[in-house]
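As provided, work-v3.txt (compact mmCIF, C-alpha atoms) reads as follows.
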# COMPACT_ATOMS: atom_id res chain seq x y z
CA MET A 1465 33.95 45.95 2.56
CA SER A 1466 30.68 46.84 0.83
CA LEU A 1467 28.91 44.71 -1.75
CA THR A 1468 27.07 45.88 -4.81
CA ARG A 1469 23.48 44.77 -5.40
CA ALA A 1470 24.77 42.29 -7.99
CA GLY A 1471 27.34 40.98 -5.51
CA ILE A 1472 24.71 40.45 -2.81
CA GLN A 1473 22.48 38.57 -5.25
CA ALA A 1474 25.41 36.34 -6.24
CA VAL A 1475 26.19 35.51 -2.61
CA LEU A 1476 22.56 34.70 -1.86
CA ALA A 1477 22.29 32.51 -4.95
CA ALA A 1478 25.40 30.58 -3.95
CA ALA A 1479 24.03 30.06 -0.44
CA VAL A 1480 20.75 28.73 -1.78
CA MET A 1481 22.57 26.36 -4.13
CA ALA A 1482 24.57 25.01 -1.21
CA LEU A 1483 21.46 24.06 0.77
CA PRO A 1484 20.01 20.51 0.48
CA SER A 1485 17.04 20.61 -1.85
CA ALA A 1486 14.07 18.29 -2.17
CA MET A 1487 14.13 19.23 -5.85
CA ALA A 1488 17.50 17.53 -6.40
CA ALA A 1489 17.63 13.90 -7.46
CA GLN A 1490 18.12 11.59 -4.49
CA THR A 1491 19.93 8.27 -4.33
CA PHE A 1492 18.49 4.94 -3.20
CA LYS A 1493 20.24 1.62 -2.61
CA THR A 1494 18.48 -1.52 -3.82
CA GLU A 1495 19.02 -5.13 -2.74
CA LYS A 1496 17.41 -8.13 -4.45
CA TYR A 1497 16.80 -11.52 -2.82
CA ASN A 1498 15.32 -14.74 -4.23
CA ILE A 1499 13.31 -15.93 -1.21
CA GLY A 1500 11.69 -18.98 -2.84
CA GLY A 1501 8.28 -20.27 -1.78
CA GLU A 1502 5.14 -21.11 -3.69
CA GLY A 1503 2.17 -19.04 -4.75
CA GLY A 1504 1.38 -15.73 -6.40
CA THR A 1505 1.09 -12.52 -4.45
CA ASP A 1506 -0.88 -9.37 -3.74
CA TYR A 1507 -0.08 -7.06 -0.80
CA LEU A 1508 2.95 -6.98 1.47
CA THR A 1509 3.19 -5.09 4.76
CA ALA A 1510 6.15 -3.93 6.86
CA ASP A 1511 6.23 -4.05 10.66
CA PRO A 1512 8.65 -1.32 11.85
CA SER A 1513 8.67 -2.66 15.42
CA SER A 1514 10.34 -5.93 14.36
CA GLY A 1515 11.85 -5.12 10.96
CA ARG A 1516 9.79 -7.93 9.45
CA VAL A 1517 7.96 -7.79 6.13
CA TYR A 1518 4.86 -9.96 5.60
CA ILE A 1519 4.23 -11.14 2.02
CA SER A 1520 0.98 -12.70 0.80
CA ARG A 1521 1.59 -15.92 -1.18
CA ALA A 1522 -1.87 -17.18 -2.21
CA THR A 1523 -2.25 -19.88 0.47
CA HIS A 1524 0.17 -18.67 3.12
CA VAL A 1525 2.04 -15.56 4.33
CA MET A 1526 5.82 -15.49 4.20
CA VAL A 1527 7.62 -13.45 6.87
CA VAL A 1528 10.97 -11.96 5.85
CA ASP A 1529 13.62 -9.94 7.66
CA GLY A 1530 13.63 -6.68 5.75
CA ALA A 1531 17.32 -5.96 6.34
CA THR A 1532 18.68 -9.31 5.13
CA GLY A 1533 15.97 -10.84 2.94
CA LYS A 1534 16.04 -13.97 5.11
CA VAL A 1535 12.78 -15.89 5.55
CA VAL A 1536 12.08 -16.01 9.30
CA GLY A 1537 8.58 -17.51 9.45
CA ASP A 1538 5.36 -18.48 7.73
CA ILE A 1539 1.65 -18.23 8.49
CA PRO A 1540 -0.12 -21.22 6.87
CA ASN A 1541 -3.64 -21.88 5.68
CA THR A 1542 -4.64 -18.43 4.42
CA PRO A 1543 -6.62 -19.36 1.27
CA ARG A 1544 -6.35 -16.73 -1.47
CA VAL A 1545 -4.80 -14.26 0.96
CA HIS A 1546 -4.57 -10.64 -0.18
CA GLY A 1547 -3.51 -8.34 2.65
CA ILE A 1548 -1.97 -8.15 6.11
CA ALA A 1549 -2.46 -5.49 8.80
CA PHE A 1550 -1.22 -5.00 12.36
CA ALA A 1551 -2.83 -3.79 15.59
CA PRO A 1552 0.17 -2.73 17.72
CA LYS A 1553 -1.84 -2.08 20.89
CA SER A 1554 -2.75 -5.76 21.22
CA GLY A 1555 0.17 -7.23 19.29
CA HIS A 1556 -2.22 -8.91 16.86
CA GLY A 1557 -1.94 -9.28 13.09
CA PHE A 1558 -4.77 -9.97 10.64
CA THR A 1559 -5.10 -11.18 7.06
CA THR A 1560 -7.81 -11.09 4.39
CA ASN A 1561 -8.51 -14.60 3.06
CA ALA A 1562 -10.73 -14.35 -0.01
CA GLY A 1563 -10.82 -18.12 -0.46
CA ASP A 1564 -13.08 -18.76 2.53
CA SER A 1565 -14.13 -15.21 3.54
CA THR A 1566 -12.15 -15.25 6.79
CA SER A 1567 -9.49 -13.20 8.49
CA THR A 1568 -6.64 -15.02 10.22
CA MET A 1569 -5.78 -13.40 13.56
CA PHE A 1570 -2.21 -14.13 14.69
CA ASP A 1571 0.33 -13.17 17.35
CA MET A 1572 2.84 -10.68 15.92
CA LYS A 1573 5.72 -11.97 18.05
CA THR A 1574 5.33 -15.73 17.65
CA LEU A 1575 3.27 -15.81 14.41
CA ALA A 1576 0.98 -18.35 16.09
CA VAL A 1577 -2.58 -18.35 14.74
CA ILE A 1578 -5.06 -17.22 17.40
CA LYS A 1579 -8.34 -17.65 15.54
CA ARG A 1580 -10.05 -17.60 12.15
CA ILE A 1581 -12.68 -14.86 11.96
CA PRO A 1582 -15.66 -15.38 9.64
CA ALA A 1583 -15.99 -12.02 7.87
CA GLY A 1584 -19.49 -12.82 6.61
CA LYS A 1585 -18.85 -11.28 3.19
CA ASP A 1586 -17.09 -12.42 0.02
CA GLY A 1587 -14.32 -10.74 -1.94
CA LEU A 1588 -11.94 -9.99 0.93
CA ASP A 1589 -9.09 -7.89 -0.44
CA GLY A 1590 -7.60 -4.82 1.26
CA ILE A 1591 -7.17 -4.42 5.01
CA MET A 1592 -6.30 -1.55 7.36
CA TYR A 1593 -5.99 -0.59 11.03
CA ASP A 1594 -7.62 2.43 12.70
CA ASP A 1595 -5.54 3.30 15.75
CA ALA A 1596 -8.12 5.74 17.14
CA THR A 1597 -10.73 2.99 17.66
CA ASP A 1598 -8.35 -0.02 17.80
CA LYS A 1599 -10.27 -1.65 14.95
CA ILE A 1600 -9.26 -3.64 11.89
CA LEU A 1601 -11.25 -3.17 8.69
CA THR A 1602 -11.31 -5.81 5.96
CA ILE A 1603 -12.13 -4.17 2.61
CA ASN A 1604 -14.19 -6.43 0.41
CA HIS A 1605 -15.27 -6.68 -3.22
CA SER A 1606 -18.69 -7.91 -2.18
CA LYS A 1607 -21.73 -8.07 -4.46
CA PRO A 1608 -23.58 -5.95 -5.41
CA GLU A 1609 -21.86 -3.31 -3.25
CA GLY A 1610 -18.49 -3.38 -1.56
CA THR A 1611 -18.28 -3.71 2.19
CA ALA A 1612 -15.88 -3.09 5.05
CA VAL A 1613 -16.09 -5.50 7.98
CA VAL A 1614 -15.04 -3.92 11.29
CA ILE A 1615 -13.19 -6.23 13.71
CA ASP A 1616 -12.22 -5.55 17.32
CA ALA A 1617 -8.43 -5.85 17.24
CA LYS A 1618 -8.15 -7.15 20.80
CA THR A 1619 -10.85 -9.83 20.76
CA GLY A 1620 -11.22 -10.60 17.06
CA ASP A 1621 -14.99 -10.08 17.26
CA VAL A 1622 -16.85 -8.62 14.27
CA VAL A 1623 -18.62 -5.45 15.43
CA LYS A 1624 -20.04 -3.93 12.24
CA THR A 1625 -20.39 -4.36 8.49
CA ILE A 1626 -20.32 -1.14 6.43
CA THR A 1627 -21.95 -0.91 3.01
CA LEU A 1628 -19.76 1.10 0.64
CA SER A 1629 -20.67 3.10 -2.46
CA SER A 1630 -19.28 0.69 -5.06
CA GLY A 1631 -18.33 -2.91 -5.61
CA ALA A 1632 -14.57 -2.42 -5.99
CA PRO A 1633 -13.13 -0.83 -2.85
CA GLU A 1634 -9.34 -0.98 -2.48
CA GLY A 1635 -6.98 0.62 0.04
CA GLY A 1636 -8.07 2.43 3.19
CA VAL A 1637 -6.44 4.89 5.59
CA SER A 1638 -7.42 6.61 8.84
CA ASP A 1639 -6.88 10.21 9.94
CA GLY A 1640 -6.83 9.11 13.59
CA LYS A 1641 -9.57 11.62 14.39
CA GLY A 1642 -12.75 9.77 13.53
CA ARG A 1643 -12.65 9.44 9.75
CA ILE A 1644 -11.55 6.68 7.40
CA PHE A 1645 -10.97 7.07 3.66
CA ILE A 1646 -11.33 4.17 1.19
CA ASN A 1647 -10.50 4.27 -2.53
CA MET A 1648 -13.23 3.14 -4.93
CA GLU A 1649 -11.34 1.69 -7.89
CA ASP A 1650 -14.26 1.38 -10.30
CA LYS A 1651 -15.78 4.81 -9.59
CA ASN A 1652 -12.60 6.93 -9.30
CA SER A 1653 -13.72 8.19 -5.93
CA ILE A 1654 -13.08 8.06 -2.17
CA ASP A 1655 -15.62 6.98 0.44
CA VAL A 1656 -15.47 8.85 3.76
CA ILE A 1657 -16.53 6.84 6.84
CA ASP A 1658 -17.47 8.26 10.24
CA THR A 1659 -16.13 5.91 12.92
CA LYS A 1660 -18.78 7.00 15.44
CA THR A 1661 -21.55 5.55 13.31
CA TRP A 1662 -19.48 3.31 11.00
CA LYS A 1663 -21.35 4.70 8.00
CA VAL A 1664 -20.31 6.35 4.74
CA VAL A 1665 -20.94 10.09 5.15
CA ALA A 1666 -19.53 11.32 1.82
CA THR A 1667 -18.15 10.12 -1.49
CA TRP A 1668 -15.59 12.38 -3.15
CA PRO A 1669 -14.97 12.18 -6.92
CA ILE A 1670 -11.31 12.14 -7.97
CA GLU A 1671 -11.71 11.94 -11.74
CA ALA A 1672 -8.05 12.74 -12.44
CA CYS A 1673 -7.15 9.43 -10.81
CA ASP A 1674 -7.94 6.40 -12.98
CA GLY A 1675 -8.53 3.32 -10.86
CA PRO A 1676 -7.39 4.43 -7.38
CA THR A 1677 -5.91 1.55 -5.40
CA GLY A 1678 -3.17 2.27 -2.86
CA ILE A 1679 -3.69 5.01 -0.31
CA ALA A 1680 -1.71 6.75 2.42
CA MET A 1681 -1.97 9.93 4.45
CA ASP A 1682 0.15 12.68 5.96
CA ARG A 1683 -1.80 13.50 9.10
CA THR A 1684 0.34 16.56 9.81
CA THR A 1685 -0.73 18.28 6.57
CA ASN A 1686 -4.14 16.57 6.35
CA ARG A 1687 -3.42 15.27 2.86
CA ILE A 1688 -4.52 11.94 1.36
CA PHE A 1689 -2.41 10.26 -1.34
CA SER A 1690 -4.27 8.03 -3.82
CA GLY A 1691 -2.18 5.80 -6.07
CA CYS A 1692 -3.47 5.55 -9.62
CA GLY A 1693 -2.33 4.38 -13.05
CA LYS A 1694 -0.01 6.97 -14.62
CA THR A 1695 -1.36 9.91 -12.54
CA SER A 1696 -1.73 9.77 -8.76
CA VAL A 1697 -3.44 12.52 -6.79
CA VAL A 1698 -3.18 14.39 -3.51
CA VAL A 1699 -6.50 15.21 -1.82
CA ASP A 1700 -7.32 17.70 0.92
CA ALA A 1701 -8.80 15.49 3.66
CA LYS A 1702 -11.05 18.31 4.85
CA THR A 1703 -12.65 19.34 1.56
CA GLY A 1704 -12.13 16.33 -0.72
CA LYS A 1705 -10.56 18.53 -3.38
CA ILE A 1706 -7.55 17.47 -5.46
CA VAL A 1707 -4.64 19.79 -4.68
CA ALA A 1708 -1.86 18.10 -6.69
CA LYS A 1709 -1.30 15.52 -9.43
CA ILE A 1710 1.76 13.28 -9.77
CA ALA A 1711 2.96 11.49 -12.91
CA ASN A 1712 4.03 7.90 -12.20
CA GLY A 1713 4.30 4.48 -13.78
CA ASP A 1714 1.41 2.25 -14.81
CA GLY A 1715 0.19 -0.82 -12.96
CA VAL A 1716 -0.08 0.80 -9.53
CA ASP A 1717 -1.74 -1.37 -6.86
CA ALA A 1718 -0.46 0.19 -3.63
CA LEU A 1719 1.28 3.28 -2.28
CA GLY A 1720 3.85 3.73 0.47
CA TRP A 1721 4.59 6.72 2.70
CA ASP A 1722 7.62 7.57 4.84
CA GLN A 1723 6.29 10.16 7.28
CA ALA A 1724 9.69 11.10 8.69
CA GLN A 1725 11.28 11.80 5.31
CA LYS A 1726 8.09 13.07 3.63
CA LEU A 1727 8.61 10.59 0.80
CA MET A 1728 5.86 8.85 -1.17
CA TYR A 1729 6.62 5.59 -3.00
CA ILE A 1730 4.43 4.70 -6.00
CA PRO A 1731 5.13 1.29 -7.62
CA GLY A 1732 4.59 0.94 -11.36
CA GLY A 1733 4.16 -2.79 -11.80
CA ARG A 1734 4.04 -2.77 -15.59
CA GLU A 1735 7.23 -0.75 -16.03
CA GLY A 1736 8.98 -2.32 -13.04
CA ASN A 1737 9.84 0.86 -11.19
CA ILE A 1738 9.01 3.02 -8.19
CA THR A 1739 8.31 6.74 -8.51
CA VAL A 1740 9.64 8.44 -5.37
CA VAL A 1741 8.01 11.78 -4.56
CA HIS A 1742 8.89 14.38 -1.94
CA GLU A 1743 6.19 16.43 -0.20
CA ASP A 1744 7.70 19.94 -0.40
CA SER A 1745 4.58 21.54 1.10
CA PRO A 1746 0.94 20.42 1.54
CA ASP A 1747 0.15 21.25 -2.08
CA LYS A 1748 3.53 20.87 -3.79
CA TYR A 1749 5.23 17.55 -4.69
CA THR A 1750 8.45 16.78 -6.53
CA VAL A 1751 9.59 13.52 -8.13
CA VAL A 1752 13.10 12.94 -6.72
CA SER A 1753 13.88 9.52 -8.21
CA THR A 1754 12.61 6.68 -10.37
CA VAL A 1755 13.99 3.43 -8.96
CA SER A 1756 14.12 0.29 -11.11
CA THR A 1757 12.69 -2.90 -9.55
CA MET A 1758 11.04 -5.66 -11.61
CA ALA A 1759 8.00 -5.91 -13.85
CA GLY A 1760 5.12 -7.29 -11.79
CA ALA A 1761 6.13 -5.53 -8.55
CA LYS A 1762 2.87 -3.60 -8.18
CA THR A 1763 2.39 -3.42 -4.41
CA ILE A 1764 4.71 -1.91 -1.81
CA ALA A 1765 5.40 -1.65 1.92
CA VAL A 1766 7.39 1.06 3.73
CA ASP A 1767 9.27 0.90 7.03
CA ASP A 1768 9.51 4.58 7.97
CA THR A 1769 11.82 3.94 10.92
CA LYS A 1770 14.52 2.39 8.71
CA HIS A 1771 13.55 4.47 5.66
CA ALA A 1772 13.19 1.41 3.48
CA ALA A 1773 10.60 0.42 0.91
CA PHE A 1774 9.94 -3.18 -0.14
CA VAL A 1775 8.39 -4.81 -3.20
CA PHE A 1776 7.93 -8.44 -4.17
CA THR A 1777 7.07 -10.35 -7.32
CA PRO A 1778 7.26 -13.96 -8.47
CA GLU A 1779 9.05 -14.60 -11.75
CA TYR A 1780 7.33 -17.08 -14.05
CA GLY A 1781 8.88 -19.32 -16.68
CA PRO A 1782 7.29 -20.05 -20.08
CA ALA A 1783 3.74 -21.39 -20.04
CA PRO A 1784 3.37 -25.05 -21.08
CA ALA A 1785 2.60 -25.56 -24.76
CA SER A 1786 -0.63 -27.29 -23.73
CA ALA A 1787 -1.89 -24.26 -21.78
CA THR A 1788 -5.15 -22.81 -23.12
CA PRO A 1789 -5.37 -19.01 -23.56
CA PRO A 1790 -8.45 -17.34 -22.03
CA ALA A 1791 -11.56 -17.33 -24.24
CA GLY A 1792 -12.00 -14.15 -26.26
CA GLY A 1793 -8.67 -12.80 -25.06
CA ARG A 1794 -10.12 -12.01 -21.64
CA GLY A 1795 -8.59 -12.86 -18.31
CA ARG A 1796 -5.03 -13.67 -17.35
CA ALA A 1797 -2.85 -15.47 -19.88
CA PRO A 1798 -1.53 -18.89 -18.81
CA ARG A 1799 1.61 -18.79 -16.70
CA GLY A 1800 4.50 -21.16 -16.42
CA PRO A 1801 6.09 -22.36 -13.18
CA ILE A 1802 7.60 -19.94 -10.68
CA VAL A 1803 11.34 -19.76 -11.35
CA GLY A 1804 12.16 -16.98 -8.89
CA ALA A 1805 10.54 -15.12 -6.00
CA TRP A 1806 12.09 -11.69 -5.78
CA PHE A 1807 12.05 -9.59 -2.62
CA ILE A 1808 13.56 -6.17 -3.30
CA SER A 1809 14.47 -3.54 -0.71
CA VAL A 1810 14.97 0.13 -1.56
CA VAL A 1811 16.79 2.08 1.16
CA HIS A 1812 17.16 5.86 1.19

Is it possible to give me this structure as structure tokens?
Amino acid sequence: MSLTRAGIQAVLAAAVMALPSAMAAQTFKTEKYNIGGEGGTDYLTADPSSGRVYISRATHVMVVDGATGKVVGDIPNTPRVHGIAFAPKSGHGFTTNAGDSTSTMFDMKTLAVIKRIPAGKDGLDGIMYDDATDKILTINHSKPEGTAVVIDAKTGDVVKTITLSSGAPEGGVSDGKGRIFINMEDKNSIDVIDTKTWKVVATWPIEACDGPTGIAMDRTTNRIFSGCGKTSVVVDAKTGKIVAKIANGDGVDALGWDQAQKLMYIPGGREGNITVVHEDSPDKYTVVSTVSTMAGAKTIAVDDTKHAAFVFTPEYGPAPASATPPAGGRGRAPRGPIVGAWFISVVH
């Protein structure tokens, strides 16, 4: 039987429609748990090797089983803690404690504290691990310029302090080949660090990204993802050029990446949602879902072995009538007591 040209085109079109497409909307299952505990929050980090999620809670770190939402441990005495990072080669975890400019080094299996590391700089905030050098970097809002303190992940010894190009560095990521990239929130730029010299060798402007915070990388395509308010960007890690822009929610303070599924998770803390984006090709990206979470959930962690993303936010009751608003309308408005502490998992 022969087919006309129109018949062949119809068959091909039907075959294409039958194929799975990254363009199609995708479904995600959410679970919500009230895990209790005291303190505000900043970053949370997932450990795929154990299924645990570590959540910063101002003066301590809560450890939660990602699959069940059950609290399985706690790391105490982490004053004004912001972030948590892991060094799998040594089995050590590290925090950034802004309250006393230290990093708590702990055992990832037992959660026992090994030592407190004086970082030597103020404003400890973000934190990252470079697997190529087996180093932890604390990322600090120091004055007048930001810094990154390099720590040997095995011994906990400080080996270098890097001066950055601005006073508000945020997330950092490594390409595993000798370069580290750190977002500069106040300058809408990315610092590039050479790990042979531990010095900044370039600063790339990314003007389309307002206030870059969270960062991740697809090493296979050599693309950096910078999370920004309302418009995030994809950057060529070789040239520093923006190759794609992504519309997302506002109030972004982190960014998650599932390497196996090529999915990027961008939390919009003000809207209370996550924009999920598929990497179709190195320079093409498609929003496949907008998942509702809760207002205030601005940071995120991804377990790319279980294909799950996690957010957390405290829920506050009404502020006391006696609370004083900030002078001149600046600063954070008074908050009431914590009435809920919501850990939310999003599974693909």

Quick one: pull the distance between CA of Met1569 (chain A) and CA of Val1623 (chain A), Å, one decimal.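 Going from CA of Met1569 (chain A) over to CA of Val1623 (chain A) covers 15.2 Å.
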
Would you give me, as CSV, each residue of region 1685-1778 of chain A having an atom within 12 Å of an atom of region 1587-1607 of chain A, along with its shortest atom pair and that distance in Å to one decimal, using all atoms listed in the file and sorting by chain and residue number?
residue,atom,partner,partner_atom,distance
A:Asp1717,CA,A:Gly1590,CA,10.6
A:Ala1718,CA,A:Gly1590,CA,10.0
A:Thr1763,CA,A:Gly1590,CA,11.6

At a cut-off of 6 Å around the point (-0.4, 20.1, -2.3) (file coordinates), what residues fall inside when counting all atoms listed in the file? I'd like the answer as a PyMOL selection string. chain A and resi 1707-1708+1746-1748

May I have a table of the residues of region 1527-1625 of chain A lying at most 12 Å from region 1663-1671 of chain A, giving each one's closest pair of atoms and their distance in Å to one decimal, counting all atoms listed in the file, ordered by chain and ascending residue number, as a Markdown table?
| residue | atom | partner | partner_atom | distance |
| --- | --- | --- | --- | --- |
| A:Gly1610 | CA | A:Val1664 | CA | 11.7 |
| A:Thr1611 | CA | A:Val1664 | CA | 10.6 |
| A:Ala1612 | CA | A:Lys1663 | CA | 10.0 |
| A:Val1613 | CA | A:Lys1663 | CA | 11.5 |
| A:Val1614 | CA | A:Lys1663 | CA | 11.2 |
| A:Lys1624 | CA | A:Lys1663 | CA | 9.7 |
| A:Thr1625 | CA | A:Lys1663 | CA | 9.1 |

If you count all atoms listed in the file, the residue of A:Tyr1780, A:Phe1807, A:Trp1662, A:Tyr1518 closest to Arg1643 (chain A) turns out to be A:Trp1662

Hey, which of A:Thr1532, A:Val1517, A:Ala1759, A:Gly1804 ends up closest to Gly1500 (chain A)? Count only C-alpha atoms. A:Gly1804

For Ala1701 (chain A), which residue out of A:Ala1724, A:Ile1688, A:Val1751, A:Val1740 is the nearest one, using all atoms listed in the file?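 Among A:Ala1724, A:Ile1688, A:Val1751, A:Val1740, it is A:Ile1688 that comes nearest to Ala1701 (chain A).
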
Give me, as a ChimeraX atom specification, all polymer residues having an atom no more than 7 Å from Arg1580 (chain A), counting only C-alpha atoms and skipping those fewer than 4 positions away in the same chain. /A:1566-1569

State, in Å with one decimal place, the distance from CA of Thr1494 (chain A) to CA of Val1775 (chain A).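 Result for CA of Thr1494 (chain A) versus CA of Val1775 (chain A): 10.6 Å, one decimal.
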
Which distance in Å separates CA of Ala1772 (chain A) and CA of Thr1491 (chain A), to one decimal?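 Straight-line distance from CA of Ala1772 (chain A) to CA of Thr1491 (chain A) works out to 12.4 Å.
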
All residues 8 Å or closer to Asp1650 (chain A), all atoms listed in the file, same chain fewer than 2 positions away omitted, as an NGL selection string: :A and (1630-1633 or 1648 or 1652 or 1675)

Atoms added to region 1677-1701 of chain A (N, CA and C atoms), reported as a PDB file, in the coordinates of the input:
ATOM      1  N   THR A1677      -6.125   2.781  -6.160  1.00  0.00           N
ATOM      2  CA  THR A1677      -5.910   1.550  -5.400  1.00  0.00           C
ATOM      3  C   THR A1677      -5.236   1.864  -4.070  1.00  0.00           C
ATOM      4  N   GLY A1678      -3.906   1.991  -4.090  1.00  0.00           N
ATOM      5  CA  GLY A1678      -3.170   2.270  -2.860  1.00  0.00           C
ATOM      6  C   GLY A1678      -3.489   3.639  -2.291  1.00  0.00           C
ATOM      7  N   ILE A1679      -3.369   3.747  -0.968  1.00  0.00           N
ATOM      8  CA  ILE A1679      -3.690   5.010  -0.310  1.00  0.00           C
ATOM      9  C   ILE A1679      -2.816   5.172   0.924  1.00  0.00           C
ATOM     10  N   ALA A1680      -2.465   6.413   1.223  1.00  0.00           N
ATOM     11  CA  ALA A1680      -1.710   6.750   2.420  1.00  0.00           C
ATOM     12  C   ALA A1680      -2.099   8.163   2.822  1.00  0.00           C
ATOM     13  N   MET A1681      -1.573   8.610   3.969  1.00  0.00           N
ATOM     14  CA  MET A1681      -1.970   9.930   4.450  1.00  0.00           C
ATOM     15  C   MET A1681      -0.853  10.558   5.263  1.00  0.00           C
ATOM     16  N   ASP A1682      -0.665  11.868   5.074  1.00  0.00           N
ATOM     17  CA  ASP A1682       0.150  12.680   5.960  1.00  0.00           C
ATOM     18  C   ASP A1682      -0.809  13.393   6.907  1.00  0.00           C
ATOM     19  N   ARG A1683      -0.866  12.914   8.130  1.00  0.00           N
ATOM     20  CA  ARG A1683      -1.800  13.500   9.100  1.00  0.00           C
ATOM     21  C   ARG A1683      -1.395  14.907   9.502  1.00  0.00           C
ATOM     22  N   THR A1684      -0.107  15.233   9.393  1.00  0.00           N
ATOM     23  CA  THR A1684       0.340  16.560   9.810  1.00  0.00           C
ATOM     24  C   THR A1684      -0.111  17.653   8.844  1.00  0.00           C
ATOM     25  N   THR A1685      -0.256  17.304   7.568  1.00  0.00           N
ATOM     26  CA  THR A1685      -0.730  18.280   6.570  1.00  0.00           C
ATOM     27  C   THR A1685      -2.173  18.025   6.158  1.00  0.00           C
ATOM     28  N   ASN A1686      -2.752  16.932   6.674  1.00  0.00           N
ATOM     29  CA  ASN A1686      -4.140  16.570   6.350  1.00  0.00           C
ATOM     30  C   ASN A1686      -4.321  16.321   4.853  1.00  0.00           C
ATOM     31  N   ARG A1687      -3.384  15.576   4.289  1.00  0.00           N
ATOM     32  CA  ARG A1687      -3.420  15.270   2.860  1.00  0.00           C
ATOM     33  C   ARG A1687      -3.487  13.747   2.654  1.00  0.00           C
ATOM     34  N   ILE A1688      -4.368  13.334   1.742  1.00  0.00           N
ATOM     35  CA  ILE A1688      -4.520  11.940   1.360  1.00  0.00           C
ATOM     36  C   ILE A1688      -3.804  11.729   0.028  1.00  0.00           C
ATOM     37  N   PHE A1689      -3.086  10.620  -0.097  1.00  0.00           N
ATOM     38  CA  PHE A1689      -2.410  10.260  -1.340  1.00  0.00           C
ATOM     39  C   PHE A1689      -3.089   9.024  -1.927  1.00  0.00           C
ATOM     40  N   SER A1690      -3.624   9.156  -3.135  1.00  0.00           N
ATOM     41  CA  SER A1690      -4.270   8.030  -3.820  1.00  0.00           C
ATOM     42  C   SER A1690      -3.426   7.609  -5.007  1.00  0.00           C
ATOM     43  N   GLY A1691      -3.005   6.327  -4.996  1.00  0.00           N
ATOM     44  CA  GLY A1691      -2.180   5.800  -6.070  1.00  0.00           C
ATOM     45  C   GLY A1691      -3.025   5.342  -7.242  1.00  0.00           C
ATOM     46  N   CYS A1692      -2.669   5.805  -8.430  1.00  0.00           N
ATOM     47  CA  CYS A1692      -3.470   5.550  -9.620  1.00  0.00           C
ATOM     48  C   CYS A1692      -2.554   5.270 -10.807  1.00  0.00           C
ATOM     49  N   GLY A1693      -3.099   4.656 -11.848  1.00  0.00           N
ATOM     50  CA  GLY A1693      -2.330   4.380 -13.050  1.00  0.00           C
ATOM     51  C   GLY A1693      -1.927   5.649 -13.753  1.00  0.00           C
ATOM     52  N   LYS A1694      -0.623   5.874 -13.877  1.00  0.00           N
ATOM     53  CA  LYS A1694      -0.010   6.970 -14.620  1.00  0.00           C
ATOM     54  C   LYS A1694      -0.128   8.343 -13.952  1.00  0.00           C
ATOM     55  N   THR A1695      -1.228   8.629 -13.241  1.00  0.00           N
ATOM     56  CA  THR A1695      -1.360   9.910 -12.540  1.00  0.00           C
ATOM     57  C   THR A1695      -1.990   9.683 -11.181  1.00  0.00           C
ATOM     58  N   SER A1696      -1.204   9.861 -10.119  1.00  0.00           N
ATOM     59  CA  SER A1696      -1.730   9.770  -8.760  1.00  0.00           C
ATOM     60  C   SER A1696      -2.133  11.170  -8.294  1.00  0.00           C
ATOM     61  N   VAL A1697      -2.919  11.229  -7.217  1.00  0.00           N
ATOM     62  CA  VAL A1697      -3.440  12.520  -6.790  1.00  0.00           C
ATOM     63  C   VAL A1697      -3.256  12.718  -5.289  1.00  0.00           C
ATOM     64  N   VAL A1698      -3.213  13.989  -4.901  1.00  0.00           N
ATOM     65  CA  VAL A1698      -3.180  14.390  -3.510  1.00  0.00           C
ATOM     66  C   VAL A1698      -4.491  15.109  -3.216  1.00  0.00           C
ATOM     67  N   VAL A1699      -5.159  14.712  -2.131  1.00  0.00           N
ATOM     68  CA  VAL A1699      -6.500  15.210  -1.820  1.00  0.00           C
ATOM     69  C   VAL A1699      -6.495  15.871  -0.448  1.00  0.00           C
ATOM     70  N   ASP A1700      -7.117  17.027  -0.365  1.00  0.00           N
ATOM     71  CA  ASP A1700      -7.320  17.700   0.920  1.00  0.00           C
ATOM     72  C   ASP A1700      -8.341  16.895   1.724  1.00  0.00           C
ATOM     73  N   ALA A1701      -7.934  16.380   2.881  1.00  0.00           N
ATOM     74  CA  ALA A1701      -8.800  15.490   3.660  1.00  0.00           C
ATOM     75  C   ALA A1701      -9.946  16.232   4.343  1.00  0.00           C
TER      76      ALA A1701
END
